[in-house]
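Peer 1: Structure file input.cif (mmCIF, C-alpha atoms) right here:
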```cif
data_coords
#
loop_
_atom_site.group_PDB
_atom_site.id
_atom_site.type_symbol
_atom_site.label_atom_id
_atom_site.label_comp_id
_atom_site.auth_asym_id
_atom_site.auth_seq_id
_atom_site.Cartn_x
_atom_site.Cartn_y
_atom_site.Cartn_z
ATOM 1 C CA MET A 1 -78.321 23.858 -59.448
ATOM 2 C CA ALA A 2 -81.513 21.898 -60.100
ATOM 3 C CA GLU A 3 -84.800 23.734 -59.654
ATOM 4 C CA THR A 4 -87.056 22.447 -56.897
ATOM 5 C CA PRO A 5 -90.864 22.408 -56.728
ATOM 6 C CA ASP A 6 -92.758 24.377 -54.120
ATOM 7 C CA ILE A 7 -92.414 21.759 -51.384
ATOM 8 C CA PRO A 8 -92.180 22.897 -47.790
ATOM 9 C CA GLU A 9 -89.081 21.639 -46.004
ATOM 10 C CA PRO A 10 -90.038 18.558 -43.962
ATOM 11 C CA GLN A 11 -89.988 18.997 -40.200
ATOM 12 C CA GLN A 12 -90.183 16.497 -37.377
ATOM 13 C CA GLY A 13 -93.567 14.787 -37.382
ATOM 14 C CA SER A 14 -94.679 16.470 -40.603
ATOM 15 C CA SER A 15 -94.602 15.868 -44.351
ATOM 16 C CA PRO A 16 -94.879 18.028 -47.472
ATOM 17 C CA GLY A 17 -98.232 19.602 -48.150
ATOM 18 C CA ASN A 18 -100.688 18.341 -50.763
ATOM 19 C CA GLU A 19 -99.487 20.762 -53.428
ATOM 20 C CA GLY A 20 -95.888 19.695 -52.842
ATOM 21 C CA TRP A 21 -96.625 16.001 -53.118
ATOM 22 C CA GLY A 22 -98.580 16.533 -56.308
ATOM 23 C CA ALA A 23 -95.575 18.145 -57.965
ATOM 24 C CA LEU A 24 -93.561 14.927 -57.660
ATOM 25 C CA SER A 25 -93.337 12.633 -60.681
ATOM 26 C CA THR A 26 -93.636 9.589 -58.410
ATOM 27 C CA GLU A 27 -97.122 10.764 -57.392
ATOM 28 C CA ALA A 28 -98.406 11.461 -60.914
ATOM 29 C CA ARG A 29 -100.912 9.253 -62.744
ATOM 30 C CA ASN A 30 -99.544 6.981 -65.450
ATOM 31 C CA PRO A 31 -101.546 7.381 -68.708
ATOM 32 C CA ALA A 32 -100.693 3.802 -69.680
ATOM 33 C CA SER A 33 -102.560 2.381 -66.686
ATOM 34 C CA GLU A 34 -105.626 4.629 -66.356
ATOM 35 C CA GLY A 35 -107.818 1.666 -67.323
ATOM 36 C CA LEU A 36 -105.973 -0.731 -65.015
ATOM 37 C CA ASP A 37 -109.147 -2.145 -63.458
ATOM 38 C CA THR A 38 -110.521 -3.069 -66.889
ATOM 39 C CA LEU A 39 -107.521 -5.133 -68.001
ATOM 40 C CA SER A 40 -107.176 -8.897 -67.858
ATOM 41 C CA THR A 41 -104.930 -10.281 -65.151
ATOM 42 C CA GLU A 42 -102.297 -11.187 -67.726
ATOM 43 C CA ASP A 43 -102.381 -7.705 -69.239
ATOM 44 C CA VAL A 44 -101.927 -6.186 -65.772
ATOM 45 C CA ALA A 45 -98.886 -8.395 -65.216
ATOM 46 C CA VAL A 46 -97.437 -7.533 -68.637
ATOM 47 C CA LEU A 47 -97.937 -3.812 -68.055
ATOM 48 C CA LEU A 48 -96.231 -3.993 -64.664
ATOM 49 C CA LEU A 49 -93.243 -5.801 -66.140
ATOM 50 C CA GLU A 50 -92.994 -3.430 -69.095
ATOM 51 C CA GLU A 51 -92.978 -0.465 -66.731
ATOM 52 C CA ASP A 52 -90.277 -2.182 -64.659
ATOM 53 C CA LEU A 53 -88.125 -2.347 -67.774
ATOM 54 C CA GLN A 54 -88.584 1.397 -68.244
ATOM 55 C CA GLY A 55 -87.499 1.932 -64.652
ATOM 56 C CA LEU A 56 -84.351 -0.116 -65.224
ATOM 57 C CA GLU A 57 -83.567 1.865 -68.358
ATOM 58 C CA ALA A 58 -83.947 5.064 -66.341
ATOM 59 C CA ALA A 59 -81.452 3.656 -63.840
ATOM 60 C CA ARG A 60 -79.015 2.773 -66.622
ATOM 61 C CA ARG A 61 -78.988 6.415 -67.735
ATOM 62 C CA CYS A 62 -77.512 7.249 -64.307
ATOM 63 C CA SER A 63 -74.559 4.886 -64.783
ATOM 64 C CA ARG A 64 -71.913 7.582 -64.363
ATOM 65 C CA GLY A 65 -73.288 8.653 -60.997
ATOM 66 C CA ILE A 66 -73.734 5.031 -59.931
ATOM 67 C CA ALA A 67 -70.072 4.396 -60.751
ATOM 68 C CA GLN A 68 -69.057 7.383 -58.612
ATOM 69 C CA ALA A 69 -71.142 6.021 -55.757
ATOM 70 C CA ALA A 70 -69.392 2.651 -56.116
ATOM 71 C CA ILE A 71 -65.981 4.322 -56.017
ATOM 72 C CA TRP A 72 -66.925 6.153 -52.823
ATOM 73 C CA ALA A 73 -68.260 2.935 -51.307
ATOM 74 C CA ALA A 74 -65.034 1.093 -52.120
ATOM 75 C CA GLU A 75 -62.900 3.916 -50.721
ATOM 76 C CA THR A 76 -64.950 3.971 -47.531
ATOM 77 C CA LEU A 77 -64.722 0.242 -46.927
ATOM 78 C CA ALA A 78 -61.030 0.022 -47.861
ATOM 79 C CA ALA A 79 -60.236 2.688 -45.276
ATOM 80 C CA GLY A 80 -62.173 0.854 -42.572
ATOM 81 C CA GLY A 81 -65.139 3.220 -42.653
ATOM 82 C CA VAL A 82 -68.841 2.475 -42.337
ATOM 83 C CA MET A 83 -71.327 2.498 -45.207
ATOM 84 C CA MET A 84 -74.892 2.969 -44.011
ATOM 85 C CA PHE A 85 -78.183 2.771 -45.904
ATOM 86 C CA ALA A 86 -81.122 4.768 -44.554
ATOM 87 C CA GLY A 87 -84.726 4.911 -45.695
ATOM 88 C CA ALA A 88 -88.369 4.445 -44.829
ATOM 89 C CA GLY A 89 -90.871 1.845 -45.980
ATOM 90 C CA THR A 90 -89.871 0.037 -49.165
ATOM 91 C CA SER A 91 -86.756 2.205 -49.467
ATOM 92 C CA GLY A 92 -85.619 1.240 -45.983
ATOM 93 C CA ARG A 93 -86.268 -2.444 -46.607
ATOM 94 C CA LEU A 94 -84.217 -2.330 -49.798
ATOM 95 C CA GLY A 95 -81.315 -0.845 -47.853
ATOM 96 C CA ILE A 96 -81.595 -3.602 -45.260
ATOM 97 C CA LEU A 97 -81.562 -6.238 -47.995
ATOM 98 C CA GLU A 98 -78.379 -4.769 -49.441
ATOM 99 C CA ALA A 99 -76.608 -4.602 -46.099
ATOM 100 C CA ALA A 100 -77.689 -8.127 -45.158
ATOM 101 C CA GLU A 101 -76.583 -9.707 -48.421
ATOM 102 C CA CYS A 102 -73.051 -8.308 -48.586
ATOM 103 C CA PRO A 103 -71.416 -10.408 -45.807
ATOM 104 C CA PRO A 104 -72.303 -13.867 -47.212
ATOM 105 C CA THR A 105 -71.639 -12.797 -50.810
ATOM 106 C CA PHE A 106 -68.456 -10.794 -50.333
ATOM 107 C CA GLY A 107 -67.187 -11.700 -46.867
ATOM 108 C CA THR A 108 -67.610 -8.153 -45.570
ATOM 109 C CA ASP A 109 -67.770 -7.202 -41.895
ATOM 110 C CA PRO A 110 -71.443 -6.684 -40.899
ATOM 111 C CA GLU A 111 -70.326 -3.744 -38.773
ATOM 112 C CA GLN A 112 -69.007 -1.961 -41.863
ATOM 113 C CA ILE A 113 -72.156 -2.177 -43.971
ATOM 114 C CA ARG A 114 -75.259 -1.261 -41.993
ATOM 115 C CA ALA A 115 -78.841 -0.184 -42.611
ATOM 116 C CA VAL A 116 -81.485 1.701 -40.670
ATOM 117 C CA ILE A 117 -85.195 1.985 -41.353
ATOM 118 C CA ALA A 118 -87.748 4.470 -40.070
ATOM 119 C CA GLY A 119 -89.685 2.840 -37.255
ATOM 120 C CA GLY A 120 -86.884 0.467 -36.304
ATOM 121 C CA PRO A 121 -86.499 -3.267 -36.963
ATOM 122 C CA GLU A 122 -90.234 -3.914 -36.503
ATOM 123 C CA ALA A 123 -90.909 -1.830 -39.618
ATOM 124 C CA VAL A 124 -89.180 -4.448 -41.762
ATOM 125 C CA PHE A 125 -92.145 -6.797 -41.314
ATOM 126 C CA ALA A 126 -95.031 -4.461 -40.482
ATOM 127 C CA ALA A 127 -95.520 -1.070 -42.130
ATOM 128 C CA ARG A 128 -95.161 1.935 -39.833
ATOM 129 C CA GLU A 129 -95.999 4.672 -42.292
ATOM 130 C CA GLY A 130 -95.954 7.605 -39.880
ATOM 131 C CA ALA A 131 -92.362 6.834 -38.900
ATOM 132 C CA GLU A 132 -91.066 8.297 -42.147
ATOM 133 C CA ASP A 133 -92.245 11.770 -41.130
ATOM 134 C CA VAL A 134 -89.892 12.105 -38.145
ATOM 135 C CA SER A 135 -86.697 13.714 -39.408
ATOM 136 C CA SER A 136 -85.094 13.639 -35.954
ATOM 137 C CA ASP A 137 -85.222 9.836 -35.986
ATOM 138 C CA GLY A 138 -83.228 9.828 -39.210
ATOM 139 C CA ALA A 139 -80.754 12.252 -37.678
ATOM 140 C CA ALA A 140 -80.375 10.077 -34.586
ATOM 141 C CA ALA A 141 -79.795 6.980 -36.708
ATOM 142 C CA ALA A 142 -76.985 8.674 -38.634
ATOM 143 C CA ALA A 143 -75.440 10.401 -35.615
ATOM 144 C CA GLN A 144 -73.002 7.507 -35.153
ATOM 145 C CA LEU A 145 -71.309 8.237 -38.506
ATOM 146 C CA ARG A 146 -68.008 10.068 -38.714
ATOM 147 C CA ALA A 147 -65.663 11.557 -41.293
ATOM 148 C CA GLY A 148 -64.600 8.771 -43.602
ATOM 149 C CA ASP A 149 -67.997 7.066 -43.460
ATOM 150 C CA LEU A 150 -70.657 7.027 -46.195
ATOM 151 C CA LEU A 151 -74.427 7.419 -45.908
ATOM 152 C CA ILE A 152 -76.656 6.290 -48.766
ATOM 153 C CA ALA A 153 -80.145 7.668 -48.152
ATOM 154 C CA ILE A 154 -82.960 6.124 -50.175
ATOM 155 C CA SER A 155 -86.156 8.046 -50.842
ATOM 156 C CA ALA A 156 -88.321 7.464 -53.910
ATOM 157 C CA SER A 157 -89.872 10.914 -53.535
ATOM 158 C CA SER A 158 -86.632 12.641 -52.425
ATOM 159 C CA VAL A 159 -88.465 14.480 -49.647
ATOM 160 C CA THR A 160 -88.941 11.800 -46.959
ATOM 161 C CA PRO A 161 -88.172 13.544 -43.645
ATOM 162 C CA PHE A 162 -86.448 10.489 -42.110
ATOM 163 C CA ALA A 163 -84.044 10.248 -45.061
ATOM 164 C CA LEU A 164 -83.380 13.984 -45.142
ATOM 165 C CA GLY A 165 -82.740 14.031 -41.409
ATOM 166 C CA ALA A 166 -80.200 11.246 -41.819
ATOM 167 C CA LEU A 167 -78.482 13.109 -44.657
ATOM 168 C CA ALA A 168 -78.236 16.326 -42.673
ATOM 169 C CA ALA A 169 -76.791 14.571 -39.620
ATOM 170 C CA ALA A 170 -74.271 12.598 -41.671
ATOM 171 C CA ARG A 171 -73.016 15.708 -43.422
ATOM 172 C CA GLU A 172 -72.704 17.497 -40.081
ATOM 173 C CA LYS A 173 -70.484 14.631 -38.880
ATOM 174 C CA GLY A 174 -68.274 14.932 -41.968
ATOM 175 C CA ALA A 175 -69.452 11.748 -43.706
ATOM 176 C CA ARG A 176 -69.959 11.565 -47.452
ATOM 177 C CA THR A 177 -73.603 11.442 -48.496
ATOM 178 C CA ILE A 178 -75.554 10.017 -51.430
ATOM 179 C CA LEU A 179 -79.270 10.335 -52.127
ATOM 180 C CA VAL A 180 -80.915 7.683 -54.313
ATOM 181 C CA THR A 181 -84.322 8.891 -55.481
ATOM 182 C CA CYS A 182 -86.772 8.001 -58.231
ATOM 183 C CA THR A 183 -88.145 11.445 -58.929
ATOM 184 C CA ALA A 184 -86.899 13.790 -61.648
ATOM 185 C CA LEU A 185 -83.761 15.822 -61.002
ATOM 186 C CA SER A 186 -85.762 19.021 -61.373
ATOM 187 C CA GLY A 187 -87.744 17.990 -58.300
ATOM 188 C CA VAL A 188 -84.732 17.325 -56.081
ATOM 189 C CA ASP A 189 -82.843 19.647 -53.761
ATOM 190 C CA ALA A 190 -79.375 19.202 -55.223
ATOM 191 C CA THR A 191 -77.817 20.369 -51.958
ATOM 192 C CA ALA A 192 -79.387 17.537 -49.946
ATOM 193 C CA ALA A 193 -76.395 15.244 -50.551
ATOM 194 C CA ASP A 194 -72.896 15.263 -51.986
ATOM 195 C CA LEU A 195 -74.156 13.054 -54.819
ATOM 196 C CA VAL A 196 -77.767 12.819 -56.000
ATOM 197 C CA LEU A 197 -78.859 9.875 -58.149
ATOM 198 C CA ALA A 198 -82.220 11.012 -59.537
ATOM 199 C CA LEU A 199 -83.475 8.023 -61.529
ATOM 200 C CA ASP A 200 -86.669 9.694 -62.824
ATOM 201 C CA THR A 201 -88.567 6.426 -63.164
ATOM 202 C CA GLY A 202 -91.840 8.255 -63.803
ATOM 203 C CA PRO A 203 -95.401 7.548 -62.649
ATOM 204 C CA GLU A 204 -96.299 4.114 -61.327
ATOM 205 C CA VAL A 205 -98.845 1.706 -62.804
ATOM 206 C CA LEU A 206 -100.655 1.945 -59.465
ATOM 207 C CA THR A 207 -100.494 5.656 -58.749
ATOM 208 C CA GLY A 208 -98.029 6.497 -55.998
ATOM 209 C CA SER A 209 -97.081 2.865 -55.261
ATOM 210 C CA THR A 210 -93.319 3.273 -55.430
ATOM 211 C CA ARG A 211 -92.766 -0.321 -54.311
ATOM 212 C CA LEU A 212 -93.309 -1.132 -58.009
ATOM 213 C CA LYS A 213 -90.913 0.113 -60.730
ATOM 214 C CA ALA A 214 -89.307 2.672 -58.420
ATOM 215 C CA GLY A 215 -88.510 -0.163 -56.025
ATOM 216 C CA SER A 216 -87.180 -2.372 -58.819
ATOM 217 C CA ALA A 217 -84.971 0.408 -60.181
ATOM 218 C CA THR A 218 -83.717 1.296 -56.700
ATOM 219 C CA LYS A 219 -82.784 -2.319 -55.953
ATOM 220 C CA ALA A 220 -80.914 -2.504 -59.282
ATOM 221 C CA VAL A 221 -78.974 0.663 -58.437
ATOM 222 C CA LEU A 222 -78.056 -0.573 -54.959
ATOM 223 C CA ASN A 223 -76.950 -3.892 -56.472
ATOM 224 C CA ALA A 224 -74.782 -2.016 -58.953
ATOM 225 C CA ILE A 225 -73.211 0.213 -56.300
ATOM 226 C CA THR A 226 -72.264 -2.583 -53.930
ATOM 227 C CA THR A 227 -71.206 -5.109 -56.563
ATOM 228 C CA ALA A 228 -69.068 -2.603 -58.475
ATOM 229 C CA ALA A 229 -67.499 -1.537 -55.183
ATOM 230 C CA MET A 230 -66.676 -5.137 -54.321
ATOM 231 C CA VAL A 231 -65.072 -5.667 -57.727
ATOM 232 C CA ARG A 232 -62.812 -2.676 -56.992
ATOM 233 C CA LEU A 233 -61.966 -4.152 -53.601
ATOM 234 C CA GLY A 234 -60.757 -7.427 -55.125
ATOM 235 C CA LYS A 235 -63.621 -9.557 -53.884
ATOM 236 C CA VAL A 236 -64.255 -10.857 -57.407
ATOM 237 C CA TYR A 237 -61.990 -12.891 -59.709
ATOM 238 C CA GLY A 238 -63.353 -13.109 -63.231
ATOM 239 C CA ASN A 239 -67.039 -13.250 -62.404
ATOM 240 C CA LEU A 240 -66.565 -15.440 -59.323
ATOM 241 C CA MET A 241 -67.318 -14.344 -55.754
ATOM 242 C CA VAL A 242 -64.017 -15.363 -54.236
ATOM 243 C CA ASP A 243 -64.639 -13.840 -50.796
ATOM 244 C CA LEU A 244 -67.946 -15.588 -50.112
ATOM 245 C CA ARG A 245 -68.680 -17.047 -46.696
ATOM 246 C CA PRO A 246 -69.686 -20.697 -47.182
ATOM 247 C CA GLY A 247 -72.175 -20.837 -44.338
ATOM 248 C CA SER A 248 -74.604 -23.249 -46.028
ATOM 249 C CA ALA A 249 -74.388 -26.473 -48.010
ATOM 250 C CA LYS A 250 -75.091 -24.547 -51.200
ATOM 251 C CA LEU A 251 -72.367 -21.974 -50.557
ATOM 252 C CA HIS A 252 -69.902 -24.677 -49.490
ATOM 253 C CA ASP A 253 -70.469 -26.431 -52.795
ATOM 254 C CA ARG A 254 -70.151 -23.120 -54.647
ATOM 255 C CA ALA A 255 -66.842 -22.413 -52.911
ATOM 256 C CA LEU A 256 -65.494 -25.765 -54.082
ATOM 257 C CA ARG A 257 -66.700 -25.153 -57.629
ATOM 258 C CA ILE A 258 -65.061 -21.717 -57.625
ATOM 259 C CA ILE A 259 -61.722 -23.204 -56.546
ATOM 260 C CA GLN A 260 -62.090 -25.966 -59.115
ATOM 261 C CA THR A 261 -62.903 -23.522 -61.941
ATOM 262 C CA ALA A 262 -60.528 -20.678 -61.085
ATOM 263 C CA GLY A 263 -57.681 -22.953 -60.036
ATOM 264 C CA ALA A 264 -58.139 -25.410 -62.914
ATOM 265 C CA VAL A 265 -58.046 -28.383 -60.550
ATOM 266 C CA SER A 266 -60.132 -31.469 -59.932
ATOM 267 C CA ARG A 267 -62.963 -31.583 -57.438
ATOM 268 C CA GLU A 268 -60.820 -33.694 -55.133
ATOM 269 C CA GLU A 269 -57.950 -31.211 -55.288
ATOM 270 C CA ALA A 270 -60.367 -28.331 -54.713
ATOM 271 C CA GLU A 271 -61.604 -30.062 -51.570
ATOM 272 C CA ARG A 272 -58.022 -30.574 -50.352
ATOM 273 C CA LEU A 273 -57.134 -26.928 -50.967
ATOM 274 C CA TYR A 274 -60.323 -25.790 -49.267
ATOM 275 C CA GLU A 275 -59.533 -27.831 -46.168
ATOM 276 C CA SER A 276 -55.875 -26.785 -46.061
ATOM 277 C CA THR A 277 -56.843 -23.089 -46.097
ATOM 278 C CA ALA A 278 -59.751 -23.413 -43.640
ATOM 279 C CA GLY A 279 -62.153 -22.313 -46.367
ATOM 280 C CA GLU A 280 -60.163 -19.353 -47.720
ATOM 281 C CA VAL A 281 -61.225 -19.487 -51.356
ATOM 282 C CA LYS A 282 -58.794 -16.792 -52.532
ATOM 283 C CA THR A 283 -55.835 -18.475 -50.884
ATOM 284 C CA ALA A 284 -56.808 -21.817 -52.369
ATOM 285 C CA ILE A 285 -56.949 -20.324 -55.870
ATOM 286 C CA VAL A 286 -53.514 -18.714 -55.574
ATOM 287 C CA MET A 287 -52.115 -21.980 -54.240
ATOM 288 C CA ALA A 288 -53.554 -23.857 -57.202
ATOM 289 C CA LEU A 289 -52.415 -21.440 -59.886
ATOM 290 C CA CYS A 290 -48.996 -20.566 -58.472
ATOM 291 C CA LYS A 291 -48.059 -23.906 -56.894
ATOM 292 C CA LEU A 292 -47.454 -22.208 -53.546
ATOM 293 C CA GLY A 293 -48.158 -23.043 -49.937
ATOM 294 C CA PRO A 294 -50.864 -21.289 -47.927
ATOM 295 C CA GLU A 295 -48.672 -18.766 -46.112
ATOM 296 C CA VAL A 296 -46.919 -17.480 -49.228
ATOM 297 C CA SER A 297 -50.284 -17.354 -51.004
ATOM 298 C CA ARG A 298 -51.768 -15.347 -48.160
ATOM 299 C CA GLU A 299 -48.802 -12.973 -48.189
ATOM 300 C CA ARG A 300 -49.169 -12.406 -51.908
ATOM 301 C CA LEU A 301 -52.817 -11.566 -51.420
ATOM 302 C CA ARG A 302 -52.048 -9.196 -48.544
ATOM 303 C CA ALA A 303 -49.411 -7.431 -50.632
ATOM 304 C CA VAL A 304 -51.912 -6.606 -53.375
ATOM 305 C CA GLY A 305 -54.935 -5.766 -51.260
ATOM 306 C CA GLY A 306 -56.642 -9.113 -51.737
ATOM 307 C CA HIS A 307 -56.817 -9.038 -55.547
ATOM 308 C CA VAL A 308 -56.423 -12.606 -56.820
ATOM 309 C CA ARG A 309 -55.443 -11.585 -60.348
ATOM 310 C CA LYS A 310 -52.641 -9.365 -59.061
ATOM 311 C CA ALA A 311 -51.488 -12.035 -56.622
ATOM 312 C CA VAL A 312 -51.297 -14.623 -59.383
ATOM 313 C CA ALA A 313 -49.280 -12.227 -61.540
ATOM 314 C CA GLY A 314 -46.901 -11.491 -58.642
ATOM 315 C CA PRO A 315 -43.302 -12.591 -58.104
ATOM 316 C CA SER A 316 -42.314 -16.250 -58.145
ATOM 317 C CA VAL A 317 -41.277 -18.086 -55.001
ATOM 318 C CA ALA A 318 -37.623 -17.535 -55.852
ATOM 319 C CA GLU A 319 -38.088 -13.832 -56.483
ATOM 320 C CA SER A 320 -40.012 -13.397 -53.238
ATOM 321 C CA GLY A 321 -37.117 -14.848 -51.301
ATOM 322 C CA THR A 322 -39.086 -17.629 -49.665
ATOM 323 C CA SER A 323 -38.543 -21.361 -49.843
ATOM 324 C CA GLU A 324 -42.063 -22.454 -48.952
ATOM 325 C CA ASN A 325 -43.426 -24.979 -51.405
ATOM 326 C CA ARG A 326 -46.923 -26.074 -52.039
ATOM 327 C CA GLU A 327 -47.996 -28.548 -49.373
ATOM 328 C CA GLU A 328 -48.879 -32.088 -50.360
#
```
Show the structure stored in the file as structure tokens.

Peer 2:
Amino acid sequence: MAETPDIPEPQQGSSPGNEGWGALSTEARNPASEGLDTLSTEDVAVLLLEEDLQGLEAARRCSRGIAQAAIWAAETLAAGGVMMFAGAGTSGRLGILEAAECPPTFGTDPEQIRAVIAGGPEAVFAAREGAEDVSSDGAAAAAQLRAGDLLIAISASSVTPFALGALAAAREKGARTILVTCTALSGVDATAADLVLALDTGPEVLTGSTRLKAGSATKAVLNAITTAAMVRLGKVYGNLMVDLRPGSAKLHDRALRIIQTAGAVSREEAERLYESTAGEVKTAIVMALCKLGPEVSRERLRAVGGHVRKAVAGPSVAESGTSENREE
């Protein structure tokens, strides 16, 4: 079990004492930026970007744990469970971004991938710093979870009361729990979650400002978790997002280009397939590659859990016992 610093356990309306905060790597001073106010503007920008790269490398070293988180996310969603992100401040906003971006990219149900932030929706646009100190608010936000659900708590420091309250409530309800933090593993309570991703991004260029490289590394990890999970769920064919929701002109055009590329058809044929399937990109691709009608294509996809590659490799029309041909 990882050793923990002398940090009092957060209680409702309180936060760790000064000595506890000082023991966290995310609160330490970065030797590389001690003369930050003496640097040129360009040198400040370069230093910030170089430190971001170090944060991303720290995240990459946690790839095995990130993969496990993705597997859990995929299992949760496949079984109809809820995946919830919870955090305060920048961490909470990053969770909201992830939850908001999954439906248009992967066609997921917004009710299945949710996010909560300390201080409520208003805190997305205006900082409510004291809200992070109320552990009972985190617990209340996660109280709706049940066995089979997944909570991903995000806390750069690992000791944010709101995040810890959410973790405790989720575990009490029988949900799986993950903690994404940017402090060192030695500073994390390893019992706080079923899986702890301690990125250890180190001190910030601007001391304590974890919206910087800690935020960049956290966003990269959340991207990796959700995208890898969606690959497992069959929402990707090659490197194409075949379950996207074409709700804008840009996404409509992308859907057509995906059908054209994956199905090896002309733009005109892609448009015809798109219309004949009411915008079901996966179905259109199977129709194009297997010379099948929409219903047989849909059935093939259902039989293999929505994986286009498996559907394309499936039985022929004759073997499947159906006489439906591709519609003209």

Peer 1: Please measure the separation of CA of Ala192 (chain A) and CA of Arg211 (chain A), giving the value in Å to one decimal.

Peer 2: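 Computing it gives 22.7 Å between the two atoms.
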
Peer 1: Residues near region 306-310 of chain A, anyone? I mean within 7 Å using all atoms listed in the file, not counting same-chain ones fewer than 2 positions away, as number ranges by chain.

Peer 2: A: 234, 237, 282, 286, 301-302, 304, 312-314

Peer 1: Give the answer as one residue: which of A:Thr177, A:Thr283, A:Asn30, A:Ser136 has the shortest atom-to-atom distance to Gly165 (chain A), using only C-alpha atoms?

Peer 2: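 The shortest atom-to-atom distance to Gly165 (chain A) comes from A:Ser136.
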
Peer 1: I'd like the contact shell of Ala99 (chain A) - 12 Å cut-off, only C-alpha atoms, skipping same-chain residues fewer than 6 positions apart - returned as a PyMOL selection string.

Peer 2: chain A and resi 82-86+92-93+105-117+152+219+222-223+225-227

Peer 1: What does the distance between CA of Glu101 (chain A) and CA of Gly202 (chain A) come to in Å, to one decimal place?

Peer 2: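 Taking CA of Glu101 (chain A) as the start and CA of Gly202 (chain A) as the end point, the length is 28.1 Å.
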
Peer 1: Neighbours of Ala126 (chain A) within 12 Å (only C-alpha atoms; same-chain residues fewer than 4 positions away dropped), as an NGL selection string?

Peer 2: :A and (88-90 or 93 or 117-122 or 131)

Peer 1: So that I can see what lies close to Ala153 (chain A), please list as a ChimeraX atom specification the residues with an atom at most 7 Å from it, counting all atoms listed in the file and leaving out residues fewer than 3 positions away in the same chain.

Peer 2: /A:85-87,163,167,178-180

Peer 1: Could you tell me which residues the PyMOL selection byres ((chain A and resi 29) around 7) returns for this structure, as a list of chain:residue names?

Peer 2: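 Checking the PyMOL selection byres ((chain A and resi 29) around 7) against this file, the residues are A:Glu27, A:Ala28, A:Asn30, A:Pro31, A:Pro203, A:Thr207.
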
Peer 1: Measure the distance from CA of Pro246 (chain A) to CA of Leu77 (chain A) in Å and round it to one decimal.

Peer 2: 21.5 Å

Peer 1: Using the chain letters and numbers from the file, give me the residues hit by the PyMOL selection byres ((chain A and resi 242) around 8), as a ChimeraX atom specification.

Peer 2: /A:106,235-237,240-241,243-244,255,258,281-282

Peer 1: From the list A:Gly187, A:Leu289, A:Leu56, A:Leu47, which residue is nearest Ala32 (chain A) when using all atoms listed in the file?

Peer 2: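 Looking only at the distances to Ala32 (chain A), the closest residue turns out to be A:Leu47.
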